[in-house]
Amino acid sequence: MAADRDNLSHARRLVTKEGESFLARPMRHGEARTVMTLFDRLGEKSRRARFNGPKPCLSRSELRRLASVDGTHRALVAYVEDDPQPVAIARLVRSGDEAEIAFAVADEYQSRGIGSALTAQLVADARATGITKINALVARDNSAAIAVLRRIATRLAARFEGSDLLIEAAIT
Ligand SMILES: CC(C)(COP(=O)(O)OP(=O)(O)OC[C@H]1O[C@@H](n2cnc3c(N)ncnc32)[C@H](O)[C@@H]1OP(=O)(O)O)[C@@H](O)C(=O)NCCC(=O)NCCS
């Protein structure tokens, strides 16, 4: 694995349902470059899906916010063999025993099971810290994201929020 060894010191090996293995490590506070690198690997459609609207670039404040890690903000970064750059990030923001989640996989690595496996791991970690419900805002036609959320939920509820769906996933 060619990615920065330091960054991978707390990495765990995850396996997709198709049997592909990849590494996931916790993001550290202030990793703006990691966030930017993954953003650069998202096409226009994926950016729109991730940010619920057009997002040609990230402002400095958005970058700072997305690279923020503390007691309530957590993220996992994924790497695959022979690619030194991050291929996916799943991120959650905790509020009490709930958390808002968002995730993205680089365009060239989508539909290989990485989004499902990475999000499932982040949710398992969240559950272990007492989080019982995951919320996510997704476009109503984003069937891949909805499928990812369906997989992590014990019960799923959804309601319209403008042109998007607010999905509430119980995880206990
Ligand atoms: C949503 C996203 C993270 C899913 O990650 P992924 O690695 O591509 O998805 P997976 O390969 O794990 O597949 C997840 C499910 O979506 C389905 N899926 C994958 N790609 C799909 C596509 N293009 N269209 C429809 N369904 C698709 C898979 O069949 C799977 O369903 P299953 O669990 O019923 O088998 C990824 O597509 C992405 O980054 N999209 C842009 C950002 C985004 O939409 N984020 C979500 C809002 S925060």
# chains A, B, ... in the order shown; residues from 1 in each chain; ligands from 1
call {"tool": "residues_around", "arguments": {"residues": "A:Arg74", "least_positions_apart": "3", "cutoff": "7 Å", "atoms": "only C-alpha atoms", "output": "list in words"}}
result
Val69, Asp70, Arg91, Leu92 and Val93 of chain A
call {"tool": "write_last_selection", "arguments": {"atoms": "N, CA and C atoms", "output": "mmCIF file, in the first residue's frame"}}
result
data_model
loop_
_atom_site.group_PDB
_atom_site.id
_atom_site.type_symbol
_atom_site.label_atom_id
_atom_site.label_comp_id
_atom_site.auth_asym_id
_atom_site.auth_seq_id
_atom_site.Cartn_x
_atom_site.Cartn_y
_atom_site.Cartn_z
ATOM 1 N N VAL A 69 -11.878 17.425 13.168
ATOM 2 C CA VAL A 69 -12.079 16.175 13.918
ATOM 3 C C VAL A 69 -11.937 16.509 15.392
ATOM 4 N N ASP A 70 -12.963 16.133 16.162
ATOM 5 C CA ASP A 70 -12.912 16.368 17.614
ATOM 6 C C ASP A 70 -13.879 15.390 18.274
ATOM 7 N N ARG A 91 -18.086 10.459 6.976
ATOM 8 C CA ARG A 91 -17.911 11.440 8.035
ATOM 9 C C ARG A 91 -19.185 11.535 8.849
ATOM 10 N N LEU A 92 -19.058 11.712 10.153
ATOM 11 C CA LEU A 92 -20.256 11.938 10.959
ATOM 12 C C LEU A 92 -20.046 13.070 11.950
ATOM 13 N N VAL A 93 -21.161 13.719 12.249
ATOM 14 C CA VAL A 93 -21.176 14.795 13.239
ATOM 15 C C VAL A 93 -22.183 14.403 14.308
#
call {"tool": "residues_near_ligand", "arguments": {"ligand": "ligand 1", "cutoff": "9 Å", "atoms": "only C-alpha atoms and all ligand atoms", "output": "NGL selection string"}}
result
:A and (16-17 or 42-43 or 45-52 or 88-91 or 101-107 or 109-119 or 136-139 or 141-151)
call {"tool": "select_by_dssp", "arguments": {"residues": "stretch 26-161 of chain A", "states": "helix (DSSP H, G or I)", "output": "PDB file with C-alpha atoms, in the first residue's frame"}}
result
ATOM      1  CA  ALA A  32      -7.562  19.596   4.575  1.00  0.00           C
ATOM      2  CA  ARG A  33      -5.341  18.062   1.914  1.00  0.00           C
ATOM      3  CA  THR A  34      -7.012  14.656   2.322  1.00  0.00           C
ATOM      4  CA  VAL A  35     -10.444  16.255   1.997  1.00  0.00           C
ATOM      5  CA  MET A  36      -9.350  18.232  -1.079  1.00  0.00           C
ATOM      6  CA  THR A  37      -7.754  15.212  -2.766  1.00  0.00           C
ATOM      7  CA  LEU A  38     -10.931  13.178  -2.432  1.00  0.00           C
ATOM      8  CA  PHE A  39     -13.031  16.152  -3.590  1.00  0.00           C
ATOM      9  CA  ASP A  40     -10.829  16.386  -6.712  1.00  0.00           C
ATOM     10  CA  GLU A  44     -19.757  17.023 -10.978  1.00  0.00           C
ATOM     11  CA  LYS A  45     -22.593  14.544 -10.349  1.00  0.00           C
ATOM     12  CA  SER A  46     -20.941  13.031  -7.270  1.00  0.00           C
ATOM     13  CA  ARG A  47     -20.172  16.472  -5.822  1.00  0.00           C
ATOM     14  CA  ARG A  48     -23.777  17.482  -6.296  1.00  0.00           C
ATOM     15  CA  ALA A  49     -24.921  14.264  -4.595  1.00  0.00           C
ATOM     16  CA  ARG A  50     -22.497  14.625  -1.694  1.00  0.00           C
ATOM     17  CA  PHE A  51     -23.274  18.276  -1.001  1.00  0.00           C
ATOM     18  CA  ARG A  60     -11.632  27.637   2.821  1.00  0.00           C
ATOM     19  CA  SER A  61     -14.232  27.559   5.565  1.00  0.00           C
ATOM     20  CA  GLU A  62     -15.903  24.467   4.073  1.00  0.00           C
ATOM     21  CA  LEU A  63     -12.532  22.774   3.841  1.00  0.00           C
ATOM     22  CA  ARG A  64     -11.768  23.661   7.442  1.00  0.00           C
ATOM     23  CA  ARG A  65     -15.140  22.343   8.580  1.00  0.00           C
ATOM     24  CA  LEU A  66     -14.775  19.092   6.604  1.00  0.00           C
ATOM     25  CA  ASP A 107     -15.828   8.202  -9.091  1.00  0.00           C
ATOM     26  CA  GLU A 108     -13.437   5.574 -10.418  1.00  0.00           C
ATOM     27  CA  TYR A 109     -13.988   3.371  -7.326  1.00  0.00           C
ATOM     28  CA  ILE A 114     -16.335   0.476  -0.721  1.00  0.00           C
ATOM     29  CA  GLY A 115     -19.017   3.016   0.255  1.00  0.00           C
ATOM     30  CA  SER A 116     -21.083   0.315   1.982  1.00  0.00           C
ATOM     31  CA  ALA A 117     -18.159  -1.204   3.884  1.00  0.00           C
ATOM     32  CA  LEU A 118     -16.650   2.125   4.956  1.00  0.00           C
ATOM     33  CA  THR A 119     -19.964   3.552   6.112  1.00  0.00           C
ATOM     34  CA  ALA A 120     -20.826   0.352   7.959  1.00  0.00           C
ATOM     35  CA  GLN A 121     -17.529   0.600   9.853  1.00  0.00           C
ATOM     36  CA  LEU A 122     -18.084   4.249  10.778  1.00  0.00           C
ATOM     37  CA  VAL A 123     -21.570   3.367  11.974  1.00  0.00           C
ATOM     38  CA  ALA A 124     -20.289   0.383  13.983  1.00  0.00           C
ATOM     39  CA  ASP A 125     -17.803   2.715  15.681  1.00  0.00           C
ATOM     40  CA  ALA A 126     -20.598   5.221  16.337  1.00  0.00           C
ATOM     41  CA  ARG A 127     -22.816   2.524  17.827  1.00  0.00           C
ATOM     42  CA  ALA A 128     -19.996   1.515  20.163  1.00  0.00           C
ATOM     43  CA  SER A 143     -30.356   5.032  -4.976  1.00  0.00           C
ATOM     44  CA  ALA A 144     -26.755   4.078  -4.131  1.00  0.00           C
ATOM     45  CA  ALA A 145     -26.727   6.287  -1.013  1.00  0.00           C
ATOM     46  CA  ILE A 146     -30.178   5.069   0.013  1.00  0.00           C
ATOM     47  CA  ALA A 147     -29.003   1.468  -0.386  1.00  0.00           C
ATOM     48  CA  VAL A 148     -25.938   2.178   1.794  1.00  0.00           C
ATOM     49  CA  LEU A 149     -28.189   3.630   4.511  1.00  0.00           C
ATOM     50  CA  ARG A 150     -30.684   0.771   4.254  1.00  0.00           C
ATOM     51  CA  ARG A 151     -27.859  -1.671   4.916  1.00  0.00           C
ATOM     52  CA  ILE A 152     -26.695   0.001   8.142  1.00  0.00           C
TER      53      ILE A 152
END
call {"tool": "residues_around", "arguments": {"residues": "A:Thr132", "least_positions_apart": "5", "cutoff": "8 Å", "atoms": "only C-alpha atoms", "output": "ChimeraX atom specification"}}
result
/A:97-98,127,170-172
call {"tool": "write_last_selection", "arguments": {"atoms": "N, CA, C and O atoms", "output": "tab-separated table (two decimals), in the first residue's frame"}}
result
chain	number	residue	atom	x	y	z
A	97	ASP	N	-27.25	11.49	21.21
A	97	ASP	CA	-27.14	10.09	20.80
A	97	ASP	C	-27.51	9.89	19.33
A	97	ASP	O	-27.77	8.78	18.89
A	98	GLU	N	-27.49	11.01	18.57
A	98	GLU	CA	-27.71	10.92	17.13
A	98	GLU	C	-26.48	11.44	16.40
A	98	GLU	O	-25.64	12.11	16.99
A	127	ARG	N	-21.95	3.32	16.95
A	127	ARG	CA	-22.82	2.52	17.83
A	127	ARG	C	-22.07	2.18	19.12
A	127	ARG	O	-22.64	2.26	20.21
A	170	ALA	N	-32.34	4.02	12.42
A	170	ALA	CA	-32.04	3.49	13.76
A	170	ALA	C	-30.95	2.45	13.60
A	170	ALA	O	-30.97	1.64	12.65
A	171	ILE	N	-29.99	2.44	14.52
A	171	ILE	CA	-28.87	1.50	14.35
A	171	ILE	C	-28.69	0.57	15.56
A	171	ILE	O	-27.65	-0.06	15.72
A	172	THR	N	-29.72	0.51	16.41
A	172	THR	CA	-29.60	-0.42	17.55
A	172	THR	C	-30.61	-1.57	17.39
A	172	THR	O	-31.56	-1.45	16.66
call {"tool": "select_by_dssp", "arguments": {"residues": "stretch 50-149 of chain A", "states": "strand (DSSP E)", "output": "PyMOL selection string"}}
result
chain A and resi 73-79+88-95+98-105+133-139
call {"tool": "residues_around", "arguments": {"residues": "A:Glu168", "least_positions_apart": "2", "cutoff": "8 Å", "atoms": "only C-alpha atoms", "output": "JSON list (two decimals) with C-alpha atoms, in the first residue's frame"}}
result
[["chain", "number", "residue", "atom", "x", "y", "z"],
["A", 133, "LYS", "CA", -29.68, 6.99, 15.27],
["A", 134, "ILE", "CA", -28.04, 8.14, 12.04],
["A", 135, "ASN", "CA", -29.49, 10.92, 9.89],
["A", 136, "ALA", "CA", -28.58, 11.73, 6.31],
["A", 156, "LEU", "CA", -35.36, 3.24, 8.33],
["A", 157, "ALA", "CA", -37.66, 6.26, 8.06],
["A", 158, "ALA", "CA", -37.59, 8.87, 5.32],
["A", 166, "LEU", "CA", -34.06, 13.16, 5.12],
["A", 170, "ALA", "CA", -32.04, 3.49, 13.76]]
call {"tool": "atom_distance", "arguments": {"atom1": "atom CA of A:Ala99", "atom2": "atom CA of A:Ile167"}}
result
11.7 Å
call {"tool": "closest_atom_pairs", "arguments": {"of": "stretch 71-107 of chain A", "to": "stretch 18-22 of chain A", "cutoff": "8 Å", "atoms": "only C-alpha atoms", "output": "tab-separated table"}}
result
residue	atom	partner	partner_atom	distance
A:Ala78	CA	A:Phe22	CA	6.9
A:Tyr79	CA	A:Phe22	CA	5.9
A:Val80	CA	A:Phe22	CA	4.8
A:Glu81	CA	A:Phe22	CA	6.8
call {"tool": "write_last_selection", "arguments": {"atoms": "N, CA and C atoms", "output": "tab-separated table (two decimals), in the first residue's frame"}}
result
chain	number	residue	atom	x	y	z
A	78	ALA	N	-10.53	6.00	3.31
A	78	ALA	CA	-10.24	4.67	2.73
A	78	ALA	C	-9.15	4.75	1.67
A	79	TYR	N	-8.35	3.69	1.63
A	79	TYR	CA	-7.27	3.54	0.63
A	79	TYR	C	-7.32	2.14	0.05
A	80	VAL	N	-7.05	2.04	-1.24
A	80	VAL	CA	-6.93	0.72	-1.84
A	80	VAL	C	-5.48	0.49	-2.25
A	81	GLU	N	-5.19	-0.78	-2.43
A	81	GLU	CA	-3.83	-1.19	-2.85
A	81	GLU	C	-3.40	-0.45	-4.11
call {"tool": "closest_residue", "arguments": {"among": "A:Arg25, A:Arg12, A:Arg159, A:Arg94", "to": "A:His73", "atoms": "only C-alpha atoms"}}
result
A:Arg94
